[in-house]
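Participant: The following block contains the structure, expressed as C-alpha cells.
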Amino acid sequence: GMLALQLAAALAVITLGATLLGVMRHARAHVHAVAAQKDREAIDKDPLTQLDTRRAFERQLTRSVAQAHADRAPLALFFVDLDGFKAVNESYGHTEGDRLIVEMTQRLKQLKRDTDILARVGADEVLLLSRDDADPEAAQARAQRIVAELGRPYTLTQREVSLTCTVGIARYPKHGPA
C-alpha cells in the first residue's frame, strides 16, 4: 500500500514537472516570437515619425508595382527633400531638427490619401507613392501642394523658420521599373 502511494506521488510529480517544462518552453517561444515581431516593427517603422522605413517601403513598392502592372495602371513616386535642413540641425540642434521633421511628417500625412504610401528614407527625405497622381498634370499639381505645405514657416525655439523643399517625380511605367 505505501509503495503504491509513493509511486503514484512520484508519477504525479514527474507528470507535473513535465507539464511545467512544456509550459515554460511554450512561454519562452512566445516571448521570443513577440520580441522578433517588435524587432521587425522597429526595422519597418521610423522611431521618430512612425512612417515606414525604406525597407518597408521597398516591399510595398514591389507589391504596388505588381498590382499596377496587372491593372495596367500607372503610379507616381514623389521624392521629397527639405532644403537647408542640415543648417537647422547645426543652428538649432538635433532636438529642434527632430521637432521640425515630426511637423513636416504631420503636414505630409494631412496631404496623404488612404491609398498613398509614405516613408521616411533619410534624415529629411520622404517618399510618397500614389496611384491617383500618375498623369503628369496631376503629379505636378500634387508636387506643388507639397511644396506649398512644407514651405509654410515652422516654429523652432519660439522663432519662425522658413524652409523650401525639392520634390522629384518618377512615374511608373513611363520612367522605368520600380
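Identifiers for the C-alpha cells are assigned positionally: chains receive A, B, ... in sequence, residues are indexed from 1 per chain, and ligands are indexed from 1 in the order shown.
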Set the distance at 12 Å and use only C-alpha atoms: which residues neighbour A:Arg145 once local chain neighbours fewer than 2 positions away are removed? I'd like the list as a list in words.

Facilitator: Phe78, Val80, Arg107, Leu108, Gln110, Leu111, Lys112, Ala138, Ala139, Gln140, Ala141, Arg142, Ala143, Val147, Ala148, Glu149, Leu150, Gly151, Arg152, Cys165, Thr166 and Val167 of chain A

Participant: Might you pull out every residue within 9 Å of A:Asp46, with only C-alpha atoms counted and same-chain residues fewer than 5 positions away left off, and present them as a list in words?

Facilitator: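 Listed by chain and then number, they are Leu51, Asp52, Thr53, Ala119, Arg120 and Val121 of chain A.
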
Participant: Please write the residues from the selection above to a file, keeping N, CA, C and O atoms, as a PDB file, in the first residue's frame.

Facilitator:
```
ATOM      1  N   LEU A  51       6.647  56.692 -39.596  1.00  0.00           N
ATOM      2  CA  LEU A  51       6.438  56.368 -41.006  1.00  0.00           C
ATOM      3  C   LEU A  51       7.162  55.072 -41.313  1.00  0.00           C
ATOM      4  O   LEU A  51       8.065  54.644 -40.586  1.00  0.00           O
ATOM      5  N   ASP A  52       6.772  54.450 -42.423  1.00  0.00           N
ATOM      6  CA  ASP A  52       7.504  53.278 -42.876  1.00  0.00           C
ATOM      7  C   ASP A  52       8.958  53.657 -43.150  1.00  0.00           C
ATOM      8  O   ASP A  52       9.259  54.801 -43.504  1.00  0.00           O
ATOM      9  N   THR A  53       9.851  52.683 -43.006  1.00  0.00           N
ATOM     10  CA  THR A  53      11.254  52.869 -43.363  1.00  0.00           C
ATOM     11  C   THR A  53      11.440  52.477 -44.827  1.00  0.00           C
ATOM     12  O   THR A  53      10.522  51.969 -45.476  1.00  0.00           O
ATOM     13  N   ALA A 119       6.881  57.109 -46.634  1.00  0.00           N
ATOM     14  CA  ALA A 119       8.009  56.506 -45.922  1.00  0.00           C
ATOM     15  C   ALA A 119       9.121  57.524 -45.728  1.00  0.00           C
ATOM     16  O   ALA A 119       9.377  58.351 -46.605  1.00  0.00           O
ATOM     17  N   ARG A 120       9.789  57.442 -44.593  1.00  0.00           N
ATOM     18  CA  ARG A 120      10.977  58.272 -44.332  1.00  0.00           C
ATOM     19  C   ARG A 120      12.188  57.442 -44.727  1.00  0.00           C
ATOM     20  O   ARG A 120      12.414  56.365 -44.187  1.00  0.00           O
ATOM     21  N   VAL A 121      12.988  57.982 -45.649  1.00  0.00           N
ATOM     22  CA  VAL A 121      14.119  57.219 -46.165  1.00  0.00           C
ATOM     23  C   VAL A 121      15.456  57.894 -45.900  1.00  0.00           C
ATOM     24  O   VAL A 121      16.499  57.367 -46.272  1.00  0.00           O
TER      25      VAL A 121
END
```

Participant: If you measure from atom CA of A:Leu156 to atom CA of A:His94, what distance in Å do you get, rounded to one decimal?

Facilitator: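 Going from atom CA of A:Leu156 over to atom CA of A:His94 covers 11.3 Å.
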
Participant: Give the strand (DSSP E) residues of stretch 2-164 of chain A, as DSSP finds them on the backbone, and put them as a PyMOL selection string.

Facilitator: chain A and resi 75-83+117-120+125-130+154-156+159-161+164

Participant: Go through stretch 118-176 of chain A residue by residue and, counting only C-alpha atoms, keep those with an atom at most 8 Å from stretch 56-73 of chain A; for each kept residue give the shortest atom pair and its distance in Å to one decimal, ordered by chain and increasing number, as JSON lines.

Facilitator:
```
{"residue": "A:Leu118", "atom": "CA", "partner": "A:Phe57", "partner_atom": "CA", "distance": 7.8}
{"residue": "A:Ala119", "atom": "CA", "partner": "A:Phe57", "partner_atom": "CA", "distance": 6.2}
{"residue": "A:Leu129", "atom": "CA", "partner": "A:Leu61", "partner_atom": "CA", "distance": 7.8}
{"residue": "A:Arg131", "atom": "CA", "partner": "A:Ala73", "partner_atom": "CA", "distance": 7.8}
{"residue": "A:Tyr172", "atom": "CA", "partner": "A:Val65", "partner_atom": "CA", "distance": 7.8}
```

Participant: Residues as selected, C-alpha atoms, written as an mmCIF file, in the first residue's frame, can you do that?

Facilitator:
```
data_model
loop_
_atom_site.group_PDB
_atom_site.id
_atom_site.type_symbol
_atom_site.label_atom_id
_atom_site.label_comp_id
_atom_site.auth_asym_id
_atom_site.auth_seq_id
_atom_site.Cartn_x
_atom_site.Cartn_y
_atom_site.Cartn_z
ATOM 1 C CA LEU A 118 4.506 57.408 -47.143
ATOM 2 C CA ALA A 119 8.009 56.506 -45.922
ATOM 3 C CA LEU A 129 3.791 56.613 -53.651
ATOM 4 C CA ARG A 131 -1.900 55.661 -57.574
ATOM 5 C CA TYR A 172 5.636 54.010 -63.455
#
```

Participant: Pull the helix (DSSP H, G or I) assignments for stretch 26-163 of chain A out of DSSP run on the backbone, and list those residues as a ChimeraX atom specification.

Facilitator: /A:26-44,54-71,85-92,94-111,136-151

Participant: For C-alpha atoms, I'd like the residues from the last selection saved as a PDB file, in the first residue's frame.

Facilitator:
```
ATOM      1  CA  HIS A  26       5.862  27.456 -24.817  1.00  0.00           C
ATOM      2  CA  ALA A  27       6.162  30.691 -22.810  1.00  0.00           C
ATOM      3  CA  ARG A  28       9.798  31.120 -23.872  1.00  0.00           C
ATOM      4  CA  ALA A  29       8.855  30.536 -27.515  1.00  0.00           C
ATOM      5  CA  HIS A  30       6.046  33.093 -27.168  1.00  0.00           C
ATOM      6  CA  VAL A  31       8.398  35.667 -25.606  1.00  0.00           C
ATOM      7  CA  HIS A  32      10.886  35.121 -28.459  1.00  0.00           C
ATOM      8  CA  ALA A  33       8.119  35.455 -31.058  1.00  0.00           C
ATOM      9  CA  VAL A  34       6.900  38.719 -29.506  1.00  0.00           C
ATOM     10  CA  ALA A  35      10.478  40.057 -29.378  1.00  0.00           C
ATOM     11  CA  ALA A  36      11.064  39.086 -33.011  1.00  0.00           C
ATOM     12  CA  GLN A  37       7.838  40.859 -34.023  1.00  0.00           C
ATOM     13  CA  LYS A  38       8.947  44.001 -32.163  1.00  0.00           C
ATOM     14  CA  ASP A  39      12.335  43.822 -33.902  1.00  0.00           C
ATOM     15  CA  ARG A  40      10.600  43.586 -37.309  1.00  0.00           C
ATOM     16  CA  GLU A  41       8.366  46.533 -36.429  1.00  0.00           C
ATOM     17  CA  ALA A  42      11.399  48.557 -35.319  1.00  0.00           C
ATOM     18  CA  ILE A  43      13.036  47.863 -38.668  1.00  0.00           C
ATOM     19  CA  ASP A  44       9.855  48.747 -40.580  1.00  0.00           C
ATOM     20  CA  ARG A  54      12.970  52.302 -46.703  1.00  0.00           C
ATOM     21  CA  ARG A  55      12.859  48.545 -46.085  1.00  0.00           C
ATOM     22  CA  ALA A  56       9.081  48.508 -45.540  1.00  0.00           C
ATOM     23  CA  PHE A  57       8.574  50.921 -48.446  1.00  0.00           C
ATOM     24  CA  GLU A  58      10.514  48.715 -50.848  1.00  0.00           C
ATOM     25  CA  ARG A  59       8.297  45.732 -50.024  1.00  0.00           C
ATOM     26  CA  GLN A  60       5.167  47.827 -50.539  1.00  0.00           C
ATOM     27  CA  LEU A  61       6.579  49.280 -53.755  1.00  0.00           C
ATOM     28  CA  THR A  62       7.149  45.783 -55.129  1.00  0.00           C
ATOM     29  CA  ARG A  63       3.531  44.854 -54.369  1.00  0.00           C
ATOM     30  CA  SER A  64       2.204  48.151 -55.755  1.00  0.00           C
ATOM     31  CA  VAL A  65       4.155  47.809 -59.000  1.00  0.00           C
ATOM     32  CA  ALA A  66       2.946  44.224 -59.459  1.00  0.00           C
ATOM     33  CA  GLN A  67      -0.641  45.368 -58.913  1.00  0.00           C
ATOM     34  CA  ALA A  68      -0.202  48.378 -61.225  1.00  0.00           C
ATOM     35  CA  HIS A  69       1.266  46.108 -63.877  1.00  0.00           C
ATOM     36  CA  ALA A  70      -1.648  43.678 -63.567  1.00  0.00           C
ATOM     37  CA  ASP A  71      -4.172  46.542 -63.680  1.00  0.00           C
ATOM     38  CA  PHE A  85      17.722  71.004 -43.063  1.00  0.00           C
ATOM     39  CA  LYS A  86      21.386  70.492 -42.184  1.00  0.00           C
ATOM     40  CA  ALA A  87      21.647  74.181 -41.274  1.00  0.00           C
ATOM     41  CA  VAL A  88      18.621  73.814 -38.971  1.00  0.00           C
ATOM     42  CA  ASN A  89      20.332  70.976 -37.102  1.00  0.00           C
ATOM     43  CA  GLU A  90      23.563  72.970 -36.870  1.00  0.00           C
ATOM     44  CA  SER A  91      21.881  76.206 -35.754  1.00  0.00           C
ATOM     45  CA  TYR A  92      19.080  74.927 -33.503  1.00  0.00           C
ATOM     46  CA  HIS A  94      19.123  67.963 -33.247  1.00  0.00           C
ATOM     47  CA  THR A  95      16.181  68.135 -30.833  1.00  0.00           C
ATOM     48  CA  GLU A  96      14.682  71.064 -32.739  1.00  0.00           C
ATOM     49  CA  GLY A  97      15.601  69.375 -36.016  1.00  0.00           C
ATOM     50  CA  ASP A  98      13.661  66.308 -34.889  1.00  0.00           C
ATOM     51  CA  ARG A  99      10.677  68.503 -33.973  1.00  0.00           C
ATOM     52  CA  LEU A 100      10.790  70.022 -37.456  1.00  0.00           C
ATOM     53  CA  ILE A 101      10.866  66.554 -39.061  1.00  0.00           C
ATOM     54  CA  VAL A 102       7.870  65.475 -36.966  1.00  0.00           C
ATOM     55  CA  GLU A 103       5.954  68.583 -38.035  1.00  0.00           C
ATOM     56  CA  MET A 104       6.946  68.057 -41.680  1.00  0.00           C
ATOM     57  CA  THR A 105       5.666  64.493 -41.391  1.00  0.00           C
ATOM     58  CA  GLN A 106       2.358  65.680 -39.922  1.00  0.00           C
ATOM     59  CA  ARG A 107       1.924  68.083 -42.812  1.00  0.00           C
ATOM     60  CA  LEU A 108       2.606  65.320 -45.327  1.00  0.00           C
ATOM     61  CA  LYS A 109       0.180  62.996 -43.533  1.00  0.00           C
ATOM     62  CA  GLN A 110      -2.517  65.649 -43.965  1.00  0.00           C
ATOM     63  CA  LEU A 111      -1.860  65.569 -47.719  1.00  0.00           C
ATOM     64  CA  PRO A 136       1.818  64.438 -65.494  1.00  0.00           C
ATOM     65  CA  GLU A 137      -0.598  67.272 -64.667  1.00  0.00           C
ATOM     66  CA  ALA A 138      -1.939  65.603 -61.514  1.00  0.00           C
ATOM     67  CA  ALA A 139       1.586  64.724 -60.369  1.00  0.00           C
ATOM     68  CA  GLN A 140       2.764  68.287 -60.897  1.00  0.00           C
ATOM     69  CA  ALA A 141      -0.245  69.688 -59.021  1.00  0.00           C
ATOM     70  CA  ARG A 142       0.404  67.295 -56.126  1.00  0.00           C
ATOM     71  CA  ALA A 143       4.077  68.291 -56.016  1.00  0.00           C
ATOM     72  CA  GLN A 144       3.081  71.963 -55.899  1.00  0.00           C
ATOM     73  CA  ARG A 145       0.740  71.271 -52.956  1.00  0.00           C
ATOM     74  CA  ILE A 146       3.599  69.501 -51.150  1.00  0.00           C
ATOM     75  CA  VAL A 147       5.992  72.406 -51.812  1.00  0.00           C
ATOM     76  CA  ALA A 148       3.402  74.934 -50.595  1.00  0.00           C
ATOM     77  CA  GLU A 149       2.570  72.958 -47.437  1.00  0.00           C
ATOM     78  CA  LEU A 150       6.180  72.296 -46.450  1.00  0.00           C
ATOM     79  CA  GLY A 151       7.117  75.886 -47.308  1.00  0.00           C
TER      80      GLY A 151
END
```
